[in-house]
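**Q** Before I ask anything, let me first share the structure, which is written out below as structure tokens.
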Amino acid sequence: MMTQYEIVVGLETHIQLNTETKIFCSCKADSWGAEPNTNICPVCSGLPGVLPVLNAEAVQKAALLAAAMHAEINPVSYFDRKNYFYPDLPKGYQITQFDEPIGKGGYLDVHMPDGSTRRVHIHKLHLEEDAGKTKIEAGRRLVDFNRCGVPLVEMVTEPELHSGEEAAQYLTELRQLLRWIGVSEADMERGHLRCDANVSIREAGSTVLNTKTEIKNMNSIESIRQAITLEAQRQIAAVEAGERVESYTLDWDADTGTLRKMRSKETEADYRYFREPDLLPVKLSEEEIARIESSLPELPYARKMRFIAEYQLSAYDADILTSERSLADYFEETVRLSSAAPKTVSNWMMNDLLRLMNDLGKSASELRLRPAELAEIIDLVESGKISPATGKALLRKVEESGRKPSEIVTAEGLGLIGDEDALRSQIAAVLSESPSEVANFKAGKESLLGWFVGQVMRRTGGKADPKRTRELLLEILRK
Amino acid sequence: MLPEKITREMFDKLVSLAALELDEEESEYLRTELNHQLAAVKELSEIQLDEDVQPSLHGIECQGNPPRKDEWQPFPDPDAILALAPEREGRYFVVPEIAQPGQEGQ
Amino acid sequence: MNTTSLSAFEIARRVRAGELSPMQVLEEHLAQIAAVDGIPGQLDPPAMDAREEQKVHAFIQVTADLARKQAEQIQAKLARGEDPGPLAGVPVSIKDIFCVQCTTTTAGSRILYNFRLPYTATTVARLEQAGALILGKTNLDEFTYGSSSESSAFQPHPNNPWNTQHVTGGSSGGSAAAVAAHETPLSLGTDTGGSIRQPAAFCGVVGLKPTYGRTSRYGLIAFGSSLDCPGPMARNVSDAALMLQVLAGADPKDSTSSIQPVPDYLAALAEGVRGLRIGISPDYDHIAYPDTETGEMGIQAIQPEMNQAVREVAQVLASLGAEIVENVPMPNARHGIPTYFVISRVEAASNLHRFDGVKYGYRTQKPVQDLSELYRVTRAEGFGLQPKLRILMGMYVSAAAHSAHYYQKALRVRSLIRADFERAFDPTGPYRLDALLTPTTPTTAFRRKEVLRDTVLMQYSDQMTVGANHAGIPAISIPAGLDPQGLPIGVQFFGNDFREDLILQVAYAYEQATQQAPWRQEVPQALRATEVK
Ligand SMILES: [Zn+2]
């Protein structure tokens with residue numbers, strides 16, 4: 001009988017906090033697109049004599065993230081020095097949190113497509129500074145310190161994920177959460193969210209942890225899914241062939257979809273951690289912790305479940321509408337302002353608003369078309385004052401002009417023709433132009449009714465009230 | 001238990017971890033002094049401490065400014081920092097390449 | 001007699017009153033430097049003749065142009081009727097461990113040779129703001145690692161103005177010598193284990209180590225970051241108070257700087273010692289010294305004149321109305337140096353990581369194969385023996401395998417050392433001291449080269465001073481006589497947290513009461529030489 005294997009994955013994530021400035025100096029946190037070594041100062045480039053000064057906002061955001069991860073926020077945490085030599089580390093030590101980090105414990109519930117939930121525990125959650133970047137050119141290293149001192153939260157999971165799929169889902173939900181609570185842009189391509197994976201295999205049912213390999217450089221969720229799957233397959237094949245899994249670091253090449261061995265993992269380096277004497281302990285009072293915890297918004301999964309229960313949305317719609325917090329807020333605000341059923345609002349958003357956002361490359365919070373305007377448009381359509389087609393066109397007009405929907409309707413004469421006399425004269429004109437169709441109808445081909453409605457709509461530029469038109473047509477033709 | 005004395009071999013490893021290299025004379029002198037200093041700190045291990053004696057980070061408990069506001073204040077002259085570089089290319093600091101493991105000592 | 005004999009207080013008073021031109025003050029001090037200092041410390045010094053051997057060599061760099069510009073600014077301010085500051089026209093020298101824009105900052109090390117930083121230390125900026133004239137950068141032990149100033153990569157090292165065959169002490173030896181030899185009335189030093197107070201004692205000047213955090217460390221190239229304190233060096237107590245007034249205060253660039261309000265140090269000076277309780281401890285009349293082979297600690301007597309000086313100072317204070325409290329136990333004082341050997345080395349090794357030839361300073365000229373060789377050769381060539389030894393010791397005692405045994409233990413022993421002082425100063429405790437009086441050093445200034453290679457003995461030169469650094473408390477060393485060789489003796493007052501005002505007050509009372517003492521009429525050898533001429 002074939003041996004069944006279980007894949008064991010732990011993830012180490014680095015999350016770039018979206019503060020205005022770096023963690024220990026007043027340089028800009030984000031250097032995207034900047035020339036090398038322009039966003040630097042004596043502190044972050046490791047000049048002698050200068051001292052780190054902690055950014056209060058980085059602490060707030062890390063604590064908020066800890067709360068969102070159900071971790072305990074440490075009332076007193078400490079910074080430590082991690083000492084090693086590397087050219088991207090200008091001080092020769094990284095300021096990080098070693099044994100008393102800001103967050104203790106915590107977990108993230110990962111919801112798999114099959115409906116199952118996997119609770120992934122957090123082994124460690126701490127604040128630290130980022131290092132710079134190096135690149136190789138003509139056999140030499142070129143060093144850029146712009147990224148030095150960018151605030152990061154490092155979060156390490158327990159080895160509780162069991163496939164590339166689960167790891168990818170973890171990252172998807174983590175990314176959603178980070179944006180949801182507003183602590184990070186979580187853009188993987190820009191390195192705001194980075195992930196390394198430790199992968200090992202074991203016989204199903206076993207609880208031992210076997211030798212693991214570490215995969216680096218996976219900068220998309222798809223890469224994570226593929227790389228872990230591939231590495232697990234490789235390990236299983238090796239073991240099946242009677243080989244041993246060796247501990248080394250692998251580099252993911254997204255272009256070729258392959259893993260490359262970087263180096264054997266050296267024996268654990270000795271970083272000689274000790275308390276950073278240049279900084280004071282990070283203290284958060286009970287009141288501050290309570291304030292941070294209470295400022296935490298309803299989290300995505302809870303909100304999704306509430307949307308299903310409270311608004312009778314499908315799981316699919318609820319999932320999409322809670323993919324981002326601004327979208328979920330937009331939905332609920334529109335529901336509150338509109339007299340239409342939540343399901344109707346959901347349809348408008350799923351079908352039309354998302355397309356508009358997509359076309360314009362805007363998030364819900366960036367639209368000029370606010371929930372009040374969307375609610376107004378939906379209500380105009382629902383009450384028969386404008387046609388659905390006009391309503392859809394109005395979305396874009398409001399977005400582009402910033403004017404009120406009702407104003408545009410009046411100014412452009414977009415209101416439906418519900419007036420009986422006006423409709424009758426339009427119908428008369430259509431009928432007089434189409435004697436043979438009238439004859440055919442009267443001869444019993446009643447399926448032509450739709451064609452007549454279409455002709456009236458065409459003559460009125462879509463403004464004829466379709467329901468009323470149909471009623472009047474039947475009345476006149478059957479006379 | 002800690003070794004009584006730092007041997008030549010231990011010392012050489014320490015020198016390499018410290019990113020230093022020493023000539024023979026320096027090496028002998030510094031190892032002797034290091035052993036003398038370690039002898040001098042030996043008494044620390046003999047001090048009996050009550051459980052409640054906490055580590056002291058600064059002697060006094062510092063009452064400093066609260067953490068700073070998240071406000072951007074660009075350093076006026078990043079070029080002055082770059083100008084200190086022993087070797088540079090364009091706006092980059094330049095160093096020799098890092099040896100790959102396995103290449104070293106070949 | 002010219003302005004080089006005046007106190008800082010008097011120079012500032014006359015300059016502010018328009019009685020004295022800052023330019024005259026400056027030129028007379030530059031002339032004094034030219035007369036007594038000899039060649040400045042340099043990396044490749046010429047052979048020394050007998051004449052140079054008798055010079056002070058306090059400076060690595062004299063910044064006459066910078067000081068002239070500052071003097072012009074003072075004159076312009078006076079002409080405009082603006083306040084030129086409490087140190088208007090007062091020449092100040094700066095230990096070359098502080099970053100000062102427009103000067104090179106060497107830390108006494110080859111690795112920072114010819115190094116100009118684009119910022120100025122907060123303490124130096126405050127001196128400039130107060131109207132001081134920055135006359136130059138003074139020599140020191142390499143990276144402040146030492147107690148004799150001989151280990152500087154910039155030679156000749158400073159000599160003791162009282163006898164140039166003896167050391168100045170260190171590591172603020174250049175600063176102490178510059179003040180003693182009337183080259184500048186004030187100097188800015190740093191004290192990590194005694195580096196202000198020990199050379200002050202050796203050179204017969206006043207040196208004050210403030211409470212940790214009272215003065216900003218921004219712009220000070222770090223040695224032991226949890227111990228380092230910038231502080232004033234002066235020829236008398238009121239000048240030290242005047243300078244501390246300018247230096248002290250919170251700094252947003254140093255998170256560990258204190259937000260405690262700064263009192264008026266000068267106002268408190270003349271309040272006298274009546275009713276103050278001054279302690280003396282039997283644990284400070286000898287030192288515990290290890291056998292460097294076995295680590296066995298033995299008791300060693302200190303130079304008898306030191307204990308005698310403490311007795312005499314106590315008598316003077318008692319006669320002024322102070323209450324002398326005998327037998328104050330300080331049982332953990334003996335652990336000061338072992339604890340320091342661990343904590344300061346761990347911090348130093350880490351602080352030296354950044355000197356790697358990548359970003360600034362010295363880089364080896366030898367061709368190298370790869371980055372790690374660049375690090376090794378640069379650091380091997382750039383650092384002298386003392387930094388190397390501190391790196392090795394610091395790395396050893398903080399290694400994961402040894403940290404609990406050494407580093408973590410040392411941090412806890414540090415609490416014991418602090419607890420001794422807390423008990424002594426506790427206002428509801430058995431001793432209720434306002435100050436603790438001790439010798440500053442176990443001996444007067446030793447001869448050049450006598451101790452240099454014995455790093456344990458050298459370190460024990462800080463045995464009496466290092467407790468203040470561990471505990472974070474303030475301490476001041478003041479001159480209290482001369483030994484039979486004519487070398488200065490210093491005594492020290494420790495004070496409670498942020499009570500610089502009280503120890504200055506006690507020191508001032510003693511100083512005023514002994515103005516007529518015969519030893520105060522003696523003049524350092526370096527000054528006698530210029531007078532003869
Ligand atoms: Zn910066």
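Please note that chains go A, B, ... in the order of the structure tokens, that every chain numbers its residues from 1, and that ligands are numbered from 1 in the order shown.
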Each residue of chain B lying at most 12 Å from ligand 1 should get a row with its shortest atom-to-atom pair and the distance in Å to one decimal, counting only C-alpha atoms and all ligand atoms; could you produce that, ordered by chain and increasing number, as JSON lines?
**A**
```
{"residue": "B:Trp72", "atom": "CA", "partner": "ligand 1", "partner_atom_place_in_ligand_line": "1 (Zn)", "distance": 9.9}
{"residue": "B:Gln73", "atom": "CA", "partner": "ligand 1", "partner_atom_place_in_ligand_line": "1 (Zn)", "distance": 9.2}
{"residue": "B:Pro74", "atom": "CA", "partner": "ligand 1", "partner_atom_place_in_ligand_line": "1 (Zn)", "distance": 7.8}
{"residue": "B:Phe75", "atom": "CA", "partner": "ligand 1", "partner_atom_place_in_ligand_line": "1 (Zn)", "distance": 7.3}
{"residue": "B:Pro76", "atom": "CA", "partner": "ligand 1", "partner_atom_place_in_ligand_line": "1 (Zn)", "distance": 10.9}
{"residue": "B:Asp77", "atom": "CA", "partner": "ligand 1", "partner_atom_place_in_ligand_line": "1 (Zn)", "distance": 11.3}
{"residue": "B:Pro78", "atom": "CA", "partner": "ligand 1", "partner_atom_place_in_ligand_line": "1 (Zn)", "distance": 9.4}
{"residue": "B:Ile81", "atom": "CA", "partner": "ligand 1", "partner_atom_place_in_ligand_line": "1 (Zn)", "distance": 11.1}
```
**Q** Find the residues of chain C in contact range of chain A, meaning any atom within 6 Å when counting only C-alpha atoms, and list them as a PDB file with N, CA, C and O atoms, in the first residue's frame.
**A**
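What ended up in out_1.pdb:
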```pdb
ATOM      1  N   TYR C 218      22.979  62.515  21.747  1.00  0.00           N
ATOM      2  CA  TYR C 218      22.910  62.655  20.283  1.00  0.00           C
ATOM      3  C   TYR C 218      24.196  63.292  19.767  1.00  0.00           C
ATOM      4  O   TYR C 218      24.607  64.354  20.251  1.00  0.00           O
ATOM      5  N   GLY C 219      24.821  62.637  18.825  1.00  0.00           N
ATOM      6  CA  GLY C 219      26.063  63.161  18.252  1.00  0.00           C
ATOM      7  C   GLY C 219      27.310  62.704  18.972  1.00  0.00           C
ATOM      8  O   GLY C 219      28.420  63.078  18.602  1.00  0.00           O
ATOM      9  N   LEU C 220      27.135  61.923  20.021  1.00  0.00           N
ATOM     10  CA  LEU C 220      28.271  61.324  20.733  1.00  0.00           C
ATOM     11  C   LEU C 220      28.473  59.923  20.170  1.00  0.00           C
ATOM     12  O   LEU C 220      27.547  59.102  20.196  1.00  0.00           O
ATOM     13  N   ILE C 221      29.632  59.635  19.638  1.00  0.00           N
ATOM     14  CA  ILE C 221      29.892  58.296  19.106  1.00  0.00           C
ATOM     15  C   ILE C 221      29.917  57.323  20.281  1.00  0.00           C
ATOM     16  O   ILE C 221      30.703  57.486  21.217  1.00  0.00           O
ATOM     17  N   SER C 225      26.282  52.367  25.448  1.00  0.00           N
ATOM     18  CA  SER C 225      25.139  53.267  25.285  1.00  0.00           C
ATOM     19  C   SER C 225      24.295  53.407  26.543  1.00  0.00           C
ATOM     20  O   SER C 225      23.629  54.416  26.721  1.00  0.00           O
ATOM     21  N   SER C 226      24.315  52.411  27.422  1.00  0.00           N
ATOM     22  CA  SER C 226      23.501  52.514  28.636  1.00  0.00           C
ATOM     23  C   SER C 226      24.277  53.183  29.764  1.00  0.00           C
ATOM     24  O   SER C 226      23.754  53.350  30.864  1.00  0.00           O
ATOM     25  N   SER C 255      16.103  59.429  22.830  1.00  0.00           N
ATOM     26  CA  SER C 255      14.931  58.913  23.556  1.00  0.00           C
ATOM     27  C   SER C 255      15.222  58.700  25.031  1.00  0.00           C
ATOM     28  O   SER C 255      14.306  58.686  25.842  1.00  0.00           O
ATOM     29  N   HIS C 353      30.066  47.578  15.286  1.00  0.00           N
ATOM     30  CA  HIS C 353      29.701  46.820  14.088  1.00  0.00           C
ATOM     31  C   HIS C 353      29.624  47.699  12.849  1.00  0.00           C
ATOM     32  O   HIS C 353      29.915  47.263  11.745  1.00  0.00           O
ATOM     33  N   ARG C 354      29.175  48.936  13.045  1.00  0.00           N
ATOM     34  CA  ARG C 354      28.894  49.784  11.883  1.00  0.00           C
ATOM     35  C   ARG C 354      30.170  50.260  11.188  1.00  0.00           C
ATOM     36  O   ARG C 354      30.091  50.764  10.076  1.00  0.00           O
ATOM     37  N   SER C 398      28.434  37.868  25.239  1.00  0.00           N
ATOM     38  CA  SER C 398      27.034  37.960  24.831  1.00  0.00           C
ATOM     39  C   SER C 398      26.636  36.834  23.881  1.00  0.00           C
ATOM     40  O   SER C 398      25.516  36.810  23.386  1.00  0.00           O
ATOM     41  N   ALA C 399      27.566  35.911  23.599  1.00  0.00           N
ATOM     42  CA  ALA C 399      27.215  34.773  22.753  1.00  0.00           C
ATOM     43  C   ALA C 399      26.052  34.031  23.399  1.00  0.00           C
ATOM     44  O   ALA C 399      25.938  33.981  24.625  1.00  0.00           O
ATOM     45  N   ALA C 400      25.184  33.473  22.551  1.00  0.00           N
ATOM     46  CA  ALA C 400      23.992  32.807  23.081  1.00  0.00           C
ATOM     47  C   ALA C 400      24.351  31.799  24.167  1.00  0.00           C
ATOM     48  O   ALA C 400      23.655  31.673  25.180  1.00  0.00           O
TER      49      ALA C 400
END
```
**Q** Which residues are close to Leu374 of chain C, i.e. within 10 Å by only C-alpha atoms, leaving aside same-chain residues fewer than 3 positions away? Reply as an NGL selection string.
**A** (:B and (19-20 or 95-98)) or (:C and (356-358 or 363-371 or 377-380))
**Q** If you run DSSP on this backbone, which residues of segment 141-361 of chain A come out as strand (DSSP E or B), and could you give them as a tab-separated table (two decimals) with C-alpha atoms, in the first residue's frame?
**A**
```
chain	number	residue	atom	x	y	z
A	141	ARG	CA	27.31	44.72	-4.82
A	142	LEU	CA	25.54	48.03	-5.14
A	143	VAL	CA	23.82	49.12	-1.95
A	144	ASP	CA	20.76	51.33	-1.53
A	151	PRO	CA	8.58	49.71	9.86
A	152	LEU	CA	7.78	46.02	9.61
A	153	VAL	CA	5.74	43.60	11.62
A	154	GLU	CA	7.16	40.13	11.42
A	155	MET	CA	4.59	37.42	11.99
A	156	VAL	CA	5.52	33.75	12.13
A	157	THR	CA	2.88	31.01	12.07
A	161	LEU	CA	-0.84	24.67	7.17
A	193	LEU	CA	3.78	41.87	2.24
A	194	ARG	CA	6.59	39.33	2.00
A	195	CYS	CA	6.44	35.68	2.75
A	196	ASP	CA	8.91	32.86	3.29
A	197	ALA	CA	7.70	29.29	3.75
A	198	ASN	CA	9.11	26.37	5.70
A	199	VAL	CA	8.06	23.11	4.11
A	200	SER	CA	8.39	19.54	5.33
A	201	ILE	CA	6.48	16.30	4.92
A	202	ARG	CA	5.57	13.49	7.27
A	203	GLU	CA	3.55	10.31	7.19
A	213	THR	CA	13.44	23.49	3.57
A	214	GLU	CA	12.89	27.21	3.39
A	215	ILE	CA	11.48	28.87	0.27
A	216	LYS	CA	12.20	32.54	-0.32
A	217	ASN	CA	11.31	35.12	-2.94
A	218	MET	CA	7.67	34.24	-3.48
A	248	TYR	CA	18.47	24.17	2.63
A	249	THR	CA	17.14	27.42	1.30
A	250	LEU	CA	15.35	27.54	-2.03
A	251	ASP	CA	14.80	30.47	-4.27
A	252	TRP	CA	11.51	30.64	-6.21
A	253	ASP	CA	11.86	31.74	-9.82
A	258	THR	CA	11.04	26.45	-10.62
A	259	LEU	CA	12.89	26.27	-7.32
A	260	ARG	CA	16.61	26.87	-7.18
A	261	LYS	CA	18.83	25.80	-4.33
A	262	MET	CA	20.47	28.89	-2.83
A	263	ARG	CA	22.62	27.56	-0.04
A	264	SER	CA	22.75	24.94	2.62
A	274	PHE	CA	20.53	42.14	23.73
A	275	ARG	CA	18.26	44.98	24.78
A	282	VAL	CA	7.42	50.45	24.65
A	283	LYS	CA	4.64	51.02	27.15
```
**Q** From a backbone DSSP assignment, name each residue in chain B labelled helix (DSSP H, G or I), as an MDAnalysis selection string.
**A** chainID B and resid 8:17 24:40 42:46 78:82
**Q** List as a list in words the protein and nucleic acid residues near Gln97 of chain A, meaning an atom at most 8 Å away when only C-alpha atoms are counted, but skip any in the same chain fewer than 2 places from it.
**A** Ser77, Tyr78, Phe79, Asp80, Arg81, Ile95, Asp99, Glu100, Pro101, Ile102, His126, Leu127 and Glu128 of chain A
**Q** Which is closer to Pro442 of chain C than all the others in C:Arg376, C:Arg423, C:Arg390, C:His286, using only C-alpha atoms?
**A**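 Looking at the shortest contact to Pro442 of chain C, the residue is C:His286.
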**Q** Got a sec: who's within 8 Å of Ala71 of chain C, counting only C-alpha atoms, leaving out chain neighbours fewer than 4 positions off, as a list in words?
**A** Pro22, Met23, Leu26, Ala67, Gln75, Gly89 and Leu133 of chain C
**Q** Export N, CA and C atoms of the chosen residues as a CSV table (one decimal), in the first residue's frame?
**A**
```csv
chain,number,residue,atom,x,y,z
C,22,PRO,N,35.6,89.3,22.7
C,22,PRO,CA,35.7,87.8,22.5
C,22,PRO,C,36.9,87.5,21.6
C,23,MET,N,37.3,88.4,20.7
C,23,MET,CA,38.4,88.1,19.8
C,23,MET,C,39.7,88.1,20.6
C,26,LEU,N,39.9,84.9,22.5
C,26,LEU,CA,40.2,83.8,21.6
C,26,LEU,C,41.7,83.8,21.2
C,67,ALA,N,36.3,79.1,15.5
C,67,ALA,CA,36.2,79.9,16.7
C,67,ALA,C,36.2,81.4,16.4
C,75,GLN,N,30.4,89.2,18.7
C,75,GLN,CA,30.6,90.7,18.6
C,75,GLN,C,29.4,91.3,17.9
C,89,GLY,N,31.7,84.2,24.5
C,89,GLY,CA,33.2,84.4,24.3
C,89,GLY,C,34.0,83.4,25.1
C,133,LEU,N,33.0,79.5,22.2
C,133,LEU,CA,33.8,79.5,21.1
C,133,LEU,C,34.5,78.1,21.0
```
**Q** Rank B:Lys13, B:Lys69, B:Lys5, B:Lys42 by their smallest atom-to-atom distance to Thr21 of chain A, using only C-alpha atoms, and report the top residue only.
**A**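 That would be B:Lys69, the residue with the smallest distance to Thr21 of chain A.
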**Q** Under the rule that only C-alpha atoms are counted, which of B:Leu84, B:Glu71, B:Glu4, B:Tyr92 is the nearest residue to chain C?
**A** B:Leu84
